[in-house]
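Raw entry14.txt, compact mmCIF, C-alpha atoms:
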```txt
# COMPACT_ATOMS: atom_id res chain seq x y z
CA MET Y 1 0.78 245.27 18.78
CA PHE Y 2 -0.90 246.48 15.59
CA ILE Y 3 -1.32 242.90 14.40
CA THR Y 4 -2.85 241.87 17.71
CA THR Y 5 -5.33 244.74 17.54
CA VAL Y 6 -6.26 243.82 13.95
CA SER Y 7 -6.66 240.19 14.95
CA LYS Y 8 -8.95 241.13 17.78
CA ARG Y 9 -11.01 243.30 15.48
CA ALA Y 10 -11.20 240.54 12.85
CA LEU Y 11 -12.18 238.05 15.52
CA GLY Y 12 -14.85 240.37 16.82
CA THR Y 13 -16.16 241.00 13.33
CA GLY Y 14 -16.25 237.25 12.65
CA LEU Y 15 -18.14 236.55 15.86
CA LEU Y 16 -20.58 239.31 15.04
CA MET Y 17 -21.18 237.84 11.59
CA ILE Y 18 -21.68 234.37 13.04
CA CYS Y 19 -24.16 235.71 15.59
CA SER Y 20 -25.98 237.67 12.89
CA LEU Y 21 -26.14 234.58 10.67
CA THR Y 22 -27.42 232.46 13.56
CA ILE Y 23 -30.10 235.02 14.39
CA SER Y 24 -31.10 235.27 10.74
CA GLN Y 25 -31.41 231.50 10.44
CA SER Y 26 -33.51 231.35 13.61
CA ALA Y 27 -35.74 234.12 12.32
CA LEU Y 28 -36.15 232.27 9.03
CA ALA Y 29 -37.01 229.06 10.90
CA PHE Y 30 -39.66 230.86 12.94
CA ALA Y 31 -41.03 232.53 9.80
CA ASP Y 32 -41.16 229.16 8.03
CA ASP Y 33 -43.11 227.61 10.92
CA ASP Y 34 -45.53 230.52 10.93
CA ALA Y 35 -46.03 230.20 7.19
CA ARG Y 36 -46.73 226.49 7.49
CA LYS Y 37 -49.23 227.08 10.28
CA ALA Y 38 -50.91 229.79 8.22
CA ILE Y 39 -51.17 227.42 5.23
CA VAL Y 40 -52.69 224.64 7.39
CA GLU Y 41 -55.20 227.07 8.90
CA LEU Y 42 -56.08 228.43 5.46
CA ARG Y 43 -56.66 224.93 4.10
CA GLN Y 44 -58.90 224.12 7.07
CA GLN Y 45 -60.89 227.30 6.52
CA ILE Y 46 -61.30 226.48 2.82
CA LYS Y 47 -62.48 222.95 3.71
CA VAL Y 48 -65.04 224.30 6.21
CA LEU Y 49 -66.29 226.89 3.72
CA THR Y 50 -66.55 224.28 0.95
CA GLU Y 51 -68.56 221.91 3.15
CA ALA Y 52 -70.80 224.76 4.30
CA ASN Y 53 -71.36 225.80 0.69
CA GLN Y 54 -72.28 222.26 -0.33
CA ARG Y 55 -74.66 221.98 2.61
CA ALA Y 56 -76.25 225.32 1.78
CA ARG Y 57 -76.77 224.32 -1.85
CA LEU Y 58 -78.45 221.07 -0.83
CA GLN Y 59 -80.62 222.84 1.71
CA LEU Y 60 -81.64 225.30 -0.99
CA ALA Y 61 -82.46 222.35 -3.25
CA ASP Y 62 -84.62 220.92 -0.43
CA GLN Y 63 -86.49 224.22 -0.12
CA ILE Y 64 -87.05 224.49 -3.86
CA GLU Y 65 -88.26 220.88 -4.00
CA ALA Y 66 -90.67 221.49 -1.11
CA LEU Y 67 -92.09 224.56 -2.85
CA GLU Y 68 -92.49 222.65 -6.10
CA GLN Y 69 -94.30 219.84 -4.31
CA GLU Y 70 -96.57 222.36 -2.61
CA VAL Y 71 -97.43 223.91 -5.99
CA VAL Y 72 -98.24 220.46 -7.40
CA ARG Y 73 -100.40 219.68 -4.39
CA LEU Y 74 -102.32 222.94 -4.69
CA ARG Y 75 -102.86 222.38 -8.41
CA GLY Y 76 -104.14 218.90 -7.64
CA ASP Y 77 -106.58 220.29 -5.07
CA MET Y 78 -107.85 222.83 -7.59
CA GLU Y 79 -108.33 220.12 -10.22
CA GLN Y 80 -110.24 217.96 -7.77
CA LEU Y 81 -112.52 220.88 -6.94
CA GLY Y 82 -113.26 221.39 -10.61
CA ARG Y 83 -113.55 217.69 -11.46
CA PRO Y 84 -115.38 215.85 -8.70
CA SER Y 85 -115.57 212.60 -10.64
CA SER Y 86 -111.91 212.42 -11.65
CA GLY Y 87 -110.64 208.97 -10.79
CA PRO Y 88 -107.39 207.30 -11.80
CA GLY Y 89 -108.84 206.12 -15.09
CA SER Y 90 -111.07 209.07 -15.88
CA PRO Y 91 -110.21 211.97 -18.18
CA GLY Y 92 -109.54 214.17 -15.16
CA GLY Y 93 -107.29 211.68 -13.39
CA THR Y 94 -103.75 212.61 -12.30
CA SER Y 95 -101.79 209.50 -13.29
CA GLY Y 96 -98.41 211.09 -12.41
CA ALA Y 97 -99.41 212.20 -8.91
CA ARG Y 98 -98.65 210.27 -5.72
CA ALA Y 99 -101.45 207.94 -4.67
CA PRO Y 100 -103.54 209.20 -1.72
CA ASP Y 101 -102.48 208.04 1.72
CA ALA Y 102 -104.33 205.04 3.10
CA LYS Y 103 -107.26 205.53 5.46
CA SER Y 104 -108.12 203.50 8.53
CA ALA Y 105 -111.55 201.99 9.14
CA ASP Y 106 -111.05 202.61 12.87
CA PRO Y 107 -112.09 206.21 13.69
CA ARG Y 108 -109.87 206.34 16.78
CA GLU Y 109 -106.85 205.12 14.86
CA GLN Y 110 -107.46 207.61 12.06
CA SER Y 111 -107.98 210.43 14.55
CA ALA Y 112 -104.69 209.64 16.34
CA PHE Y 113 -102.89 209.61 13.01
CA ASP Y 114 -104.49 212.86 11.81
CA GLN Y 115 -103.57 214.65 15.05
CA SER Y 116 -99.96 213.53 14.70
CA ILE Y 117 -99.76 214.75 11.10
CA GLU Y 118 -101.39 218.04 12.04
CA SER Y 119 -98.64 218.62 14.63
CA PHE Y 120 -96.04 218.04 11.95
CA ARG Y 121 -97.70 220.44 9.51
CA LYS Y 122 -97.79 223.13 12.19
CA GLY Y 123 -94.06 222.76 12.69
CA GLN Y 124 -94.49 221.24 16.15
CA TYR Y 125 -91.86 218.59 15.50
CA LYS Y 126 -91.23 217.52 19.09
CA GLU Y 127 -94.95 216.96 19.64
CA ALA Y 128 -95.24 215.23 16.26
CA THR Y 129 -92.37 212.90 17.17
CA GLU Y 130 -94.04 211.97 20.46
CA ASN Y 131 -97.47 211.50 18.86
CA LEU Y 132 -96.19 209.42 15.95
CA THR Y 133 -94.07 207.25 18.26
CA ALA Y 134 -97.16 206.62 20.39
CA PHE Y 135 -99.24 205.88 17.28
CA LEU Y 136 -96.75 203.30 16.02
CA THR Y 137 -96.68 201.67 19.46
CA LEU Y 138 -100.49 201.48 19.65
CA TYR Y 139 -101.07 200.46 16.03
CA PRO Y 140 -97.97 198.55 14.83
CA ASP Y 141 -99.92 196.68 12.11
CA SER Y 142 -101.89 199.65 10.81
CA LYS Y 143 -102.02 200.33 7.07
CA LEU Y 144 -101.00 203.85 8.08
CA THR Y 145 -97.70 202.62 9.53
CA PRO Y 146 -95.49 203.39 6.47
CA THR Y 147 -96.77 206.97 6.29
CA ALA Y 148 -96.44 207.38 10.06
CA GLN Y 149 -92.83 206.18 9.91
CA PHE Y 150 -92.11 208.59 7.07
CA TYR Y 151 -93.42 211.55 9.05
CA LEU Y 152 -91.65 210.37 12.20
CA GLY Y 153 -88.38 210.36 10.29
CA SER Y 154 -89.25 213.76 8.80
CA SER Y 155 -89.97 215.17 12.28
CA ARG Y 156 -86.63 213.92 13.57
CA TYR Y 157 -84.88 215.39 10.54
CA ALA Y 158 -86.57 218.75 11.13
CA SER Y 159 -85.45 218.54 14.78
CA LYS Y 160 -81.87 217.92 13.57
CA ASP Y 161 -81.82 214.45 15.14
CA PHE Y 162 -80.24 213.11 11.97
CA LYS Y 163 -79.04 209.72 13.26
CA SER Y 164 -82.48 208.82 14.64
CA ALA Y 165 -84.11 210.06 11.43
CA ILE Y 166 -81.90 207.72 9.39
CA THR Y 167 -82.74 204.77 11.65
CA THR Y 168 -86.49 205.41 11.34
CA LEU Y 169 -86.45 205.99 7.58
CA GLU Y 170 -84.18 203.04 6.84
CA ALA Y 171 -86.54 200.75 8.76
CA MET Y 172 -89.42 202.08 6.67
CA THR Y 173 -87.64 201.69 3.31
CA LYS Y 174 -86.50 198.14 4.08
CA LYS Y 175 -89.94 196.97 5.20
CA TYR Y 176 -91.93 198.88 2.58
CA PRO Y 177 -89.72 199.19 -0.53
CA ASN Y 178 -92.73 199.60 -2.82
CA GLU Y 179 -94.56 202.30 -0.86
CA THR Y 180 -95.09 205.56 -2.73
CA ARG Y 181 -93.25 207.54 -0.03
CA THR Y 182 -90.18 205.27 0.01
CA PRO Y 183 -88.22 207.29 -2.61
CA ASP Y 184 -88.95 210.46 -0.63
CA ALA Y 185 -87.76 208.71 2.52
CA LEU Y 186 -84.49 207.87 0.77
CA LEU Y 187 -84.10 211.52 -0.21
CA LEU Y 188 -84.42 212.45 3.46
CA ILE Y 189 -81.85 209.81 4.37
CA ALA Y 190 -79.43 211.37 1.86
CA SER Y 191 -80.07 214.82 3.38
CA CYS Y 192 -79.33 213.44 6.85
CA GLN Y 193 -76.11 211.88 5.58
CA VAL Y 194 -75.03 215.23 4.15
CA GLU Y 195 -75.71 216.92 7.49
CA LEU Y 196 -73.52 214.26 9.15
CA ASN Y 197 -70.76 214.91 6.56
CA ASN Y 198 -71.20 211.41 5.11
CA ARG Y 199 -71.09 212.52 1.48
CA PRO Y 200 -70.12 209.12 0.03
CA GLY Y 201 -73.14 207.60 1.80
CA ALA Y 202 -75.41 210.39 0.56
CA LYS Y 203 -74.19 209.93 -3.00
CA ALA Y 204 -74.78 206.17 -2.82
CA THR Y 205 -78.32 206.75 -1.50
CA LEU Y 206 -79.12 209.21 -4.31
CA GLN Y 207 -77.73 206.80 -6.90
CA ARG Y 208 -79.96 204.08 -5.46
CA ILE Y 209 -83.02 206.29 -5.91
CA VAL Y 210 -82.11 206.99 -9.54
CA LYS Y 211 -81.57 203.28 -10.19
CA ASP Y 212 -84.46 201.71 -8.25
CA TYR Y 213 -87.15 204.40 -8.58
CA LYS Y 214 -86.63 205.64 -12.10
CA GLY Y 215 -89.38 207.94 -13.36
CA THR Y 216 -90.41 209.21 -9.92
CA PRO Y 217 -90.10 212.87 -8.84
CA ALA Y 218 -87.63 211.70 -6.17
CA ALA Y 219 -85.40 210.15 -8.85
CA ASP Y 220 -85.42 213.43 -10.80
CA THR Y 221 -84.46 215.32 -7.64
CA ALA Y 222 -81.74 212.79 -6.78
CA ALA Y 223 -80.23 213.11 -10.25
CA LYS Y 224 -79.97 216.89 -9.78
CA ARG Y 225 -78.35 216.58 -6.36
CA ILE Y 226 -75.66 214.03 -7.22
CA PRO Y 227 -73.45 216.62 -9.02
CA LEU Y 228 -73.63 218.85 -5.93
CA LEU Y 229 -71.77 216.31 -3.80
```
Serialized structure, structure tokens:
Amino acid sequence: MFITTVSKRALGTGLLMICSLTISQSALAFADDDARKAIVELRQQIKVLTEANQRARLQLADQIEALEQEVVRLRGDMEQLGRPSSGPGSPGGTSGARAPDAKSADPREQSAFDQSIESFRKGQYKEATENLTAFLTLYPDSKLTPTAQFYLGSSRYASKDFKSAITTLEAMTKKYPNETRTPDALLLIASCQVELNNRPGAKATLQRIVKDYKGTPAADTAAKRIPLL
């Protein structure tokens, strides 16, 4: 009788230990799954934060570049005011500055272009997009076409229509590879590619600027941005 009671107690204790072990293993399995999920979520958060940080740094670089260009433009205006006869070959010439945009002999064509650019400068990007699209339809062979395409792409970029901006700017750079605004157009293409998370494409575009447009302000900017990607 005593042995039977002991056996029952031993059996009960054994079952209890088995149950406890099973519960412990299940708890560990659940904890392991939770840990794995937490690690995956943490990695995703780090990836998102890293991409956001890269995008923010490039956007800051865009803003700094825009301010620098504005300072150069203002200095150029002041020099022109003080030196009315300064041509490209004169002592007051600005050999490193971008050549002036072309002008049309047709007053209506020039007026349509100027109105479109004015919309862009006022930050009215939707209106600028519509006006520049209409201008390019009406005057497809105009000498102002490369500049109009550049500002159309810029308007679409500012409106966050990055795919359309790339299409417009790529068409411009392929047709007018030697235009003074082509390196700037490529910079915008790279910015669009970054916004679309196409960093390899953006890096390739920046490297192209450095290689094909060496010595231009755009090439200097591209060289500074490549390490950010």
Atomic separation - atom CA of Y:Glu195 relative to atom CA of Y:Ala56, Å
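We find that atom CA of Y:Ala56 and atom CA of Y:Glu195 lie 10.2 Å from each other.
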Requested in this report: Could you give me, as a list in words, the residues within 12 Å of Y:Thr137, counting all atoms listed in the file and dropping anything in the same chain fewer than 4 positions from it?
Outcome: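 Surrounding residues, per the criterion: Glu109, Ala112, Phe113, Glu130, Asn131, Leu132, Thr133, Asp141, Ser142, Thr145, Ala148 and Gln149 of chain Y.
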List every protein, DNA or RNA residue that has an atom no more than 12 Å from (-73.1, 217.5, -10.0) in the file's coordinate frame, counting only C-alpha atoms, and report them as a PyMOL selection string. chain Y and resi 54+57-58+203+206+221-229
Atoms kept (C-alpha atoms) for selection, written as a short mmCIF file (atom, residue, chain, number, x, y, z; two decimals), in the coordinates of the input:
```
data_model
loop_
_atom_site.label_atom_id
_atom_site.label_comp_id
_atom_site.auth_asym_id
_atom_site.auth_seq_id
_atom_site.Cartn_x
_atom_site.Cartn_y
_atom_site.Cartn_z
CA GLN Y 54 -72.28 222.26 -0.33
CA ARG Y 57 -76.77 224.32 -1.85
CA LEU Y 58 -78.45 221.07 -0.83
CA LYS Y 203 -74.19 209.93 -3.00
CA LEU Y 206 -79.12 209.21 -4.31
CA THR Y 221 -84.46 215.32 -7.64
CA ALA Y 222 -81.74 212.79 -6.78
CA ALA Y 223 -80.23 213.11 -10.25
CA LYS Y 224 -79.97 216.89 -9.78
CA ARG Y 225 -78.35 216.58 -6.36
CA ILE Y 226 -75.66 214.03 -7.22
CA PRO Y 227 -73.45 216.62 -9.02
CA LEU Y 228 -73.63 218.85 -5.93
CA LEU Y 229 -71.77 216.31 -3.80
#
```
- request: For Y:Ile189, please output as a PyMOL selection string all residues within 10 Å (counting all atoms listed in the file; exclusion window: fewer than 6 positions along the same chain).
  value: chain Y and resi 153-154+157+162-163+165-170+183+195+201-202+205-206
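Atom CA of Y:Ile117 sits 19.6 Å away from atom CA of Y:Leu187.
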Using all atoms listed in the file, the best pick from Y:Ala38, Y:Ala185, Y:Cys192, Y:Leu152 as closest to Y:Ala219 would be Y:Ala185
**OP:** For atom CA of Y:Lys122 and atom CA of Y:Lys160, determine how far apart the two atoms are, in Å to one decimal place.
**Re:**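 Spanning atom CA of Y:Lys122 to atom CA of Y:Lys160 is a straight-line distance of 16.8 Å.
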| request: Compare Y:Ile209, Y:Gln44, Y:Asp161, Y:Gln110 by their minimum atom-to-atom distance to Y:Leu196, counting all atoms listed in the file, and give me the closest one. | output: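 Residue with the minimum atom-to-atom distance to Y:Leu196: Y:Asp161.
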